[in-house]
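Chemist: As input, take entry-v6.cif (mmCIF, C-alpha atoms):
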```cif
data_input
#
loop_
_atom_site.group_PDB
_atom_site.id
_atom_site.type_symbol
_atom_site.label_atom_id
_atom_site.label_comp_id
_atom_site.auth_asym_id
_atom_site.auth_seq_id
_atom_site.Cartn_x
_atom_site.Cartn_y
_atom_site.Cartn_z
ATOM 1 C CA MET A 997 -18.297 -4.397 96.135
ATOM 2 C CA THR A 998 -18.238 -1.712 93.480
ATOM 3 C CA LYS A 999 -21.294 -0.405 91.620
ATOM 4 C CA ALA A 1000 -20.065 -2.217 88.487
ATOM 5 C CA GLY A 1001 -19.853 -5.500 90.409
ATOM 6 C CA LEU A 1002 -23.387 -5.056 91.745
ATOM 7 C CA LEU A 1003 -24.639 -4.291 88.241
ATOM 8 C CA ARG A 1004 -23.050 -7.497 86.889
ATOM 9 C CA LEU A 1005 -24.717 -9.533 89.650
ATOM 10 C CA LYS A 1006 -28.095 -7.956 88.879
ATOM 11 C CA GLU A 1007 -27.641 -8.702 85.154
ATOM 12 C CA GLU A 1008 -26.783 -12.336 85.889
ATOM 13 C CA LEU A 1009 -29.817 -12.634 88.181
ATOM 14 C CA LYS A 1010 -32.072 -11.142 85.505
ATOM 15 C CA ARG A 1011 -30.705 -13.587 82.894
ATOM 16 C CA LEU A 1012 -31.160 -16.569 85.202
ATOM 17 C CA LYS A 1013 -34.760 -15.617 86.011
ATOM 18 C CA ALA A 1014 -35.841 -14.471 82.538
ATOM 19 C CA VAL A 1015 -33.954 -16.911 80.298
ATOM 20 C CA GLU A 1016 -32.516 -19.905 82.136
ATOM 21 C CA ARG A 1017 -35.416 -20.626 84.520
ATOM 22 C CA PRO A 1018 -38.103 -20.687 81.753
ATOM 23 C CA ARG A 1019 -35.817 -22.766 79.503
ATOM 24 C CA ILE A 1020 -35.283 -25.407 82.186
ATOM 25 C CA VAL A 1021 -39.024 -25.509 82.994
ATOM 26 C CA LYS A 1022 -39.656 -26.265 79.318
ATOM 27 C CA GLU A 1023 -36.953 -28.973 79.326
ATOM 28 C CA ILE A 1024 -38.589 -30.587 82.375
ATOM 29 C CA ALA A 1025 -42.027 -30.498 80.709
ATOM 30 C CA ASP A 1026 -40.614 -32.032 77.512
ATOM 31 C CA ALA A 1027 -38.813 -34.765 79.457
ATOM 32 C CA ARG A 1028 -41.923 -35.450 81.554
ATOM 33 C CA SER A 1029 -43.934 -36.024 78.358
ATOM 34 C CA HIS A 1030 -41.658 -38.961 77.466
ATOM 35 C CA GLY A 1031 -43.312 -41.191 80.041
ATOM 36 C CA ASP A 1032 -41.987 -43.115 83.064
ATOM 37 C CA LEU A 1033 -40.087 -40.613 85.208
ATOM 38 C CA SER A 1034 -38.239 -43.236 87.265
ATOM 39 C CA GLU A 1035 -36.113 -44.236 84.256
ATOM 40 C CA ASN A 1036 -36.117 -40.923 82.392
ATOM 41 C CA ALA A 1037 -32.522 -39.628 82.282
ATOM 42 C CA GLU A 1038 -33.528 -36.390 80.510
ATOM 43 C CA TYR A 1039 -35.995 -35.600 83.293
ATOM 44 C CA HIS A 1040 -33.465 -36.230 86.065
ATOM 45 C CA ALA A 1041 -30.779 -34.174 84.267
ATOM 46 C CA ALA A 1042 -33.217 -31.289 83.775
ATOM 47 C CA LYS A 1043 -34.285 -31.409 87.441
ATOM 48 C CA GLU A 1044 -30.615 -31.316 88.485
ATOM 49 C CA LYS A 1045 -30.011 -28.281 86.229
ATOM 50 C CA GLN A 1046 -33.066 -26.635 87.785
ATOM 51 C CA SER A 1047 -31.645 -27.247 91.242
ATOM 52 C CA HIS A 1048 -28.333 -25.615 90.266
ATOM 53 C CA ILE A 1049 -30.067 -22.605 88.718
ATOM 54 C CA GLU A 1050 -32.330 -22.100 91.745
ATOM 55 C CA GLY A 1051 -29.316 -22.381 94.045
ATOM 56 C CA ARG A 1052 -27.402 -19.794 92.022
ATOM 57 C CA ILE A 1053 -30.423 -17.449 92.036
ATOM 58 C CA ALA A 1054 -30.690 -17.732 95.830
ATOM 59 C CA GLN A 1055 -26.944 -17.133 96.211
ATOM 60 C CA ILE A 1056 -26.965 -14.026 93.994
ATOM 61 C CA GLU A 1057 -30.068 -12.648 95.718
ATOM 62 C CA HIS A 1058 -28.279 -13.054 99.071
ATOM 63 C CA TRP A 1059 -25.139 -11.315 97.788
ATOM 64 C CA ILE A 1060 -27.204 -8.411 96.428
ATOM 65 C CA ALA A 1061 -29.214 -8.096 99.657
ATOM 66 C CA THR A 1062 -26.096 -8.034 101.839
ATOM 67 C CA ALA A 1063 -23.802 -6.063 99.516
ATOM 68 C CA ASP A 1064 -21.917 -3.059 100.833
ATOM 69 C CA VAL A 1065 -21.597 -1.010 97.641
ATOM 70 C CA ILE A 1066 -18.769 1.514 97.356
ATOM 71 C CA ASP A 1067 -19.127 4.355 94.849
ATOM 72 C CA VAL A 1068 -15.564 4.631 93.560
ATOM 73 C CA SER A 1069 -16.301 7.964 91.855
ATOM 74 C CA ARG A 1070 -16.711 9.530 95.317
ATOM 75 C CA LEU A 1071 -13.273 8.394 96.478
ATOM 76 C CA SER A 1072 -10.099 10.427 96.162
ATOM 77 C CA GLY A 1073 -6.674 10.778 97.674
ATOM 78 C CA ASP A 1074 -3.249 9.307 97.230
ATOM 79 C CA ARG A 1075 -3.608 6.266 99.482
ATOM 80 C CA VAL A 1076 -4.557 2.818 98.213
ATOM 81 C CA VAL A 1077 -8.021 1.793 99.434
ATOM 82 C CA PHE A 1078 -10.800 -0.477 98.187
ATOM 83 C CA GLY A 1079 -11.800 0.572 94.661
ATOM 84 C CA ALA A 1080 -8.463 2.176 93.811
ATOM 85 C CA THR A 1081 -6.808 1.555 90.479
ATOM 86 C CA VAL A 1082 -3.094 1.149 91.131
ATOM 87 C CA THR A 1083 -0.197 1.208 88.664
ATOM 88 C CA LEU A 1084 2.729 -0.833 89.935
ATOM 89 C CA ALA A 1085 6.293 -1.236 88.682
ATOM 90 C CA ASP A 1086 7.758 -4.687 89.233
ATOM 91 C CA GLY A 1087 10.964 -4.296 91.248
ATOM 92 C CA GLN A 1088 12.790 -6.988 89.270
ATOM 93 C CA SER A 1089 11.705 -6.433 85.677
ATOM 94 C CA GLY A 1090 10.477 -2.821 85.835
ATOM 95 C CA ASP A 1091 7.320 -3.871 83.947
ATOM 96 C CA GLU A 1092 4.212 -1.906 84.852
ATOM 97 C CA VAL A 1093 0.977 -3.608 85.795
ATOM 98 C CA LEU A 1094 -2.408 -2.082 86.480
ATOM 99 C CA TYR A 1095 -4.739 -3.480 89.140
ATOM 100 C CA ARG A 1096 -8.097 -2.405 90.481
ATOM 101 C CA ILE A 1097 -8.863 -3.524 94.028
ATOM 102 C CA VAL A 1098 -12.371 -4.977 94.152
ATOM 103 C CA GLY A 1099 -14.518 -7.312 96.236
ATOM 104 C CA GLU A 1100 -13.976 -11.057 96.214
ATOM 105 C CA LEU A 1101 -16.988 -11.663 93.957
ATOM 106 C CA GLU A 1102 -15.659 -9.236 91.328
ATOM 107 C CA ALA A 1103 -12.045 -10.429 91.167
ATOM 108 C CA ASP A 1104 -10.827 -11.282 87.667
ATOM 109 C CA LEU A 1105 -7.050 -11.278 87.265
ATOM 110 C CA LYS A 1106 -7.261 -11.333 83.448
ATOM 111 C CA ALA A 1107 -9.252 -8.090 83.614
ATOM 112 C CA GLY A 1108 -6.802 -6.572 86.122
ATOM 113 C CA LYS A 1109 -9.223 -6.818 89.047
ATOM 114 C CA ILE A 1110 -7.765 -8.252 92.238
ATOM 115 C CA SER A 1111 -9.623 -9.180 95.393
ATOM 116 C CA ILE A 1112 -9.239 -7.010 98.473
ATOM 117 C CA THR A 1113 -8.201 -10.232 100.258
ATOM 118 C CA SER A 1114 -5.401 -11.112 97.819
ATOM 119 C CA PRO A 1115 -1.797 -10.882 99.043
ATOM 120 C CA ILE A 1116 -1.011 -8.011 96.651
ATOM 121 C CA ALA A 1117 -4.060 -5.958 97.673
ATOM 122 C CA ARG A 1118 -3.411 -6.543 101.385
ATOM 123 C CA ALA A 1119 0.172 -5.315 100.909
ATOM 124 C CA LEU A 1120 -1.008 -2.215 98.986
ATOM 125 C CA ILE A 1121 -3.820 -1.034 101.304
ATOM 126 C CA GLY A 1122 -2.867 2.188 103.078
ATOM 127 C CA LYS A 1123 0.241 2.804 100.965
ATOM 128 C CA SER A 1124 0.830 5.847 98.717
ATOM 129 C CA GLU A 1125 2.457 6.709 95.389
ATOM 130 C CA GLY A 1126 6.214 6.184 95.549
ATOM 131 C CA ASP A 1127 6.008 3.541 98.289
ATOM 132 C CA VAL A 1128 7.692 0.200 97.712
ATOM 133 C CA VAL A 1129 5.752 -2.824 98.926
ATOM 134 C CA LYS A 1130 6.891 -6.389 99.443
ATOM 135 C CA VAL A 1131 4.375 -9.065 98.570
ATOM 136 C CA GLN A 1132 4.697 -12.609 99.846
ATOM 137 C CA ALA A 1133 3.612 -14.739 96.898
ATOM 138 C CA PRO A 1134 3.724 -18.516 96.411
ATOM 139 C CA ALA A 1135 6.820 -18.086 94.201
ATOM 140 C CA GLY A 1136 8.564 -15.970 96.855
ATOM 141 C CA THR A 1137 8.754 -12.337 97.909
ATOM 142 C CA ARG A 1138 8.212 -9.744 95.165
ATOM 143 C CA GLU A 1139 8.744 -5.987 95.337
ATOM 144 C CA TYR A 1140 6.557 -3.422 93.625
ATOM 145 C CA GLU A 1141 6.743 0.364 93.526
ATOM 146 C CA ILE A 1142 3.422 2.199 93.509
ATOM 147 C CA CYS A 1143 3.561 4.508 90.467
ATOM 148 C CA ALA A 1144 -0.004 5.853 90.548
ATOM 149 C CA VAL A 1145 -3.198 5.638 92.582
ATOM 150 C CA GLU A 1146 -6.419 6.590 90.790
ATOM 151 C CA PHE A 1147 -10.126 6.339 91.450
ATOM 152 C CA VAL A 1148 -12.055 5.673 88.256
ATOM 153 C CA ASP A 1149 -15.594 4.375 88.079
ATOM 154 C CA GLU A 1150 -15.221 2.195 85.010
ATOM 155 C CA ASP A 1151 -13.669 -1.054 83.882
ATOM 156 C CA LEU A 1152 -9.929 -1.171 83.349
ATOM 157 C CA PRO A 1153 -8.368 -0.816 79.909
ATOM 158 C CA ALA A 1154 -6.581 -3.911 78.629
ATOM 159 C CA GLU A 1155 -3.120 -2.359 79.015
ATOM 160 C CA PRO A 1156 -1.695 0.361 81.307
ATOM 161 C CA ALA A 1157 -1.868 3.813 79.710
#
```
Would you mind writing the file out in structure tokens?
Modeler:
Amino acid sequence: MTKAGLLRLKEELKRLKAVERPRIVKEIADARSHGDLSENAEYHAAKEKQSHIEGRIAQIEHWIATADVIDVSRLSGDRVVFGATVTLADGQSGDEVLYRIVGELEADLKAGKISITSPIARALIGKSEGDVVKVQAPAGTREYEICAVEFVDEDLPAEPA
């Protein structure tokens, strides 16, 4: 994953531990004060929320502990690799799209971040500017020309420059 992806995971973990966990403990205490726990729906709902939060905390801690963090600012070259920001021209429409190749946990198509395991990223890896790649997508085969390969250590702008 990228440094930005690791930072987002750490921020989520901090929020879960500092905000969500204490809030749910308070909800459980409030529900417990209402009496008979066997028929207390608020108590059972709060305990279920607590279980989900603790599970998410454990999952994020595991991801952080096992993360292989790539510093994109140290990468360079003209070949598409993990962390690259790639400008593509659609072979049919000519429209340009901008994608950053990131880890599976960081993927967010709306933000222009595609997973290294996605069909587009797999087709792009190892290719250079000027290459034309064919991508097998659910809607059929699409062609893209690689217009630019960059290595920037920041989030993508909303639109290609």
Chemist: Quick one: apply the PyMOL selection byres ((chain A and resi 1021) around 12) to the file and drop the selected residues here as a PyMOL selection string.
Modeler: chain A and resi 1013-1020+1022-1028+1039+1042-1047+1049-1050
Chemist: Report the residues retrieved by the PyMOL selection byres ((chain A and resi 1001) around 9) from the displayed file, expressed as a ChimeraX atom specification.
Modeler: /A:997-1000,1002-1006,1065,1098-1099,1101-1102
Chemist: Enter the distance from atom CA of Ile1110 of chain A to atom CA of His1048 of chain A, in Å, rounded to one decimal.
Modeler: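 Pair atom CA of Ile1110 of chain A / atom CA of His1048 of chain A returns 27.0 Å.
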Chemist: Can you give me, as a list in words, the residues this file yields under the PyMOL selection byres ((chain A and resi 1077) around 8)?
Modeler: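 After applying the PyMOL selection byres ((chain A and resi 1077) around 8), what remains is Arg1075, Val1076, Phe1078, Gly1079, Ala1080, Ile1097, Ile1121 and Gly1122 of chain A.
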Chemist: Find the smallest box with edges along x, y and z containing every listed atom of segment 1083-1087 of chain A, then add 5 Å on each side and report centre and edge lengths in Å to one decimal, as AutoDock Vina command-line options.
Modeler:
```
--center_x 5.4 --center_y -1.7 --center_z 90.0 --size_x 21.2 --size_y 15.9 --size_z 12.6
```
Chemist: Please compute the atom CA of Ala1037 of chain A-atom CA of Arg1011 of chain A distance, one decimal, in Å.
Modeler: 26.1 Å
Chemist: Quote the spacing between atom CA of Ile1060 of chain A and atom CA of Ser1111 of chain A in Å to one decimal place.
Modeler: 17.6 Å
Chemist: Mind checking which residues fall within 12 Å of Ser1124 of chain A, counting only C-alpha atoms, ignoring those fewer than 5 positions away in the same chain, and posting them as a list in words?
Modeler: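 Using only C-alpha atoms, the neighbours found are Gly1073, Asp1074, Arg1075, Val1076, Val1077, Ala1080, Val1082, Thr1083, Leu1084, Ala1119, Val1129, Glu1141, Ile1142, Cys1143, Ala1144, Val1145 and Glu1146 of chain A.
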Chemist: Please produce segment 1120-1134 of chain A, completed to N, CA, C and O atoms, as a tab-separated table (two decimals), in the coordinates of the input.
Modeler:
```tsv
chain	number	residue	atom	x	y	z
A	1120	LEU	N	-0.86	-3.57	99.53
A	1120	LEU	CA	-1.01	-2.22	98.99
A	1120	LEU	C	-1.87	-1.30	99.85
A	1120	LEU	O	-1.65	-0.08	99.86
A	1121	ILE	N	-2.87	-1.85	100.55
A	1121	ILE	CA	-3.82	-1.03	101.30
A	1121	ILE	C	-3.09	-0.10	102.27
A	1121	ILE	O	-2.24	-0.52	103.05
A	1122	GLY	N	-3.44	1.18	102.19
A	1122	GLY	CA	-2.87	2.19	103.08
A	1122	GLY	C	-1.58	2.81	102.58
A	1122	GLY	O	-1.11	3.80	103.13
A	1123	LYS	N	-1.01	2.27	101.51
A	1123	LYS	CA	0.24	2.80	100.96
A	1123	LYS	C	-0.06	3.93	99.96
A	1123	LYS	O	-1.18	4.09	99.52
A	1124	SER	N	0.98	4.70	99.61
A	1124	SER	CA	0.83	5.85	98.72
A	1124	SER	C	1.76	5.73	97.52
A	1124	SER	O	2.67	4.90	97.51
A	1125	GLU	N	1.57	6.64	96.55
A	1125	GLU	CA	2.46	6.71	95.39
A	1125	GLU	C	3.90	6.86	95.87
A	1125	GLU	O	4.19	7.60	96.79
A	1126	GLY	N	4.80	6.14	95.20
A	1126	GLY	CA	6.21	6.18	95.55
A	1126	GLY	C	6.63	5.14	96.56
A	1126	GLY	O	7.82	4.83	96.68
A	1127	ASP	N	5.68	4.58	97.31
A	1127	ASP	CA	6.01	3.54	98.29
A	1127	ASP	C	6.41	2.26	97.57
A	1127	ASP	O	5.92	1.95	96.49
A	1128	VAL	N	7.30	1.51	98.20
A	1128	VAL	CA	7.69	0.20	97.71
A	1128	VAL	C	7.10	-0.82	98.67
A	1128	VAL	O	7.23	-0.68	99.89
A	1129	VAL	N	6.39	-1.80	98.10
A	1129	VAL	CA	5.75	-2.82	98.93
A	1129	VAL	C	6.35	-4.18	98.60
A	1129	VAL	O	6.74	-4.44	97.46
A	1130	LYS	N	6.44	-5.01	99.63
A	1130	LYS	CA	6.89	-6.39	99.44
A	1130	LYS	C	5.67	-7.28	99.57
A	1130	LYS	O	4.90	-7.15	100.52
A	1131	VAL	N	5.52	-8.16	98.60
A	1131	VAL	CA	4.38	-9.06	98.57
A	1131	VAL	C	4.88	-10.50	98.69
A	1131	VAL	O	5.73	-10.93	97.90
A	1132	GLN	N	4.35	-11.20	99.68
A	1132	GLN	CA	4.70	-12.61	99.85
A	1132	GLN	C	3.79	-13.42	98.93
A	1132	GLN	O	2.59	-13.51	99.17
A	1133	ALA	N	4.36	-13.95	97.87
A	1133	ALA	CA	3.61	-14.74	96.90
A	1133	ALA	C	4.08	-16.19	96.97
A	1133	ALA	O	5.15	-16.47	97.54
A	1134	PRO	N	3.30	-17.11	96.38
A	1134	PRO	CA	3.72	-18.52	96.41
A	1134	PRO	C	5.12	-18.74	95.82
A	1134	PRO	O	5.86	-19.60	96.28
```
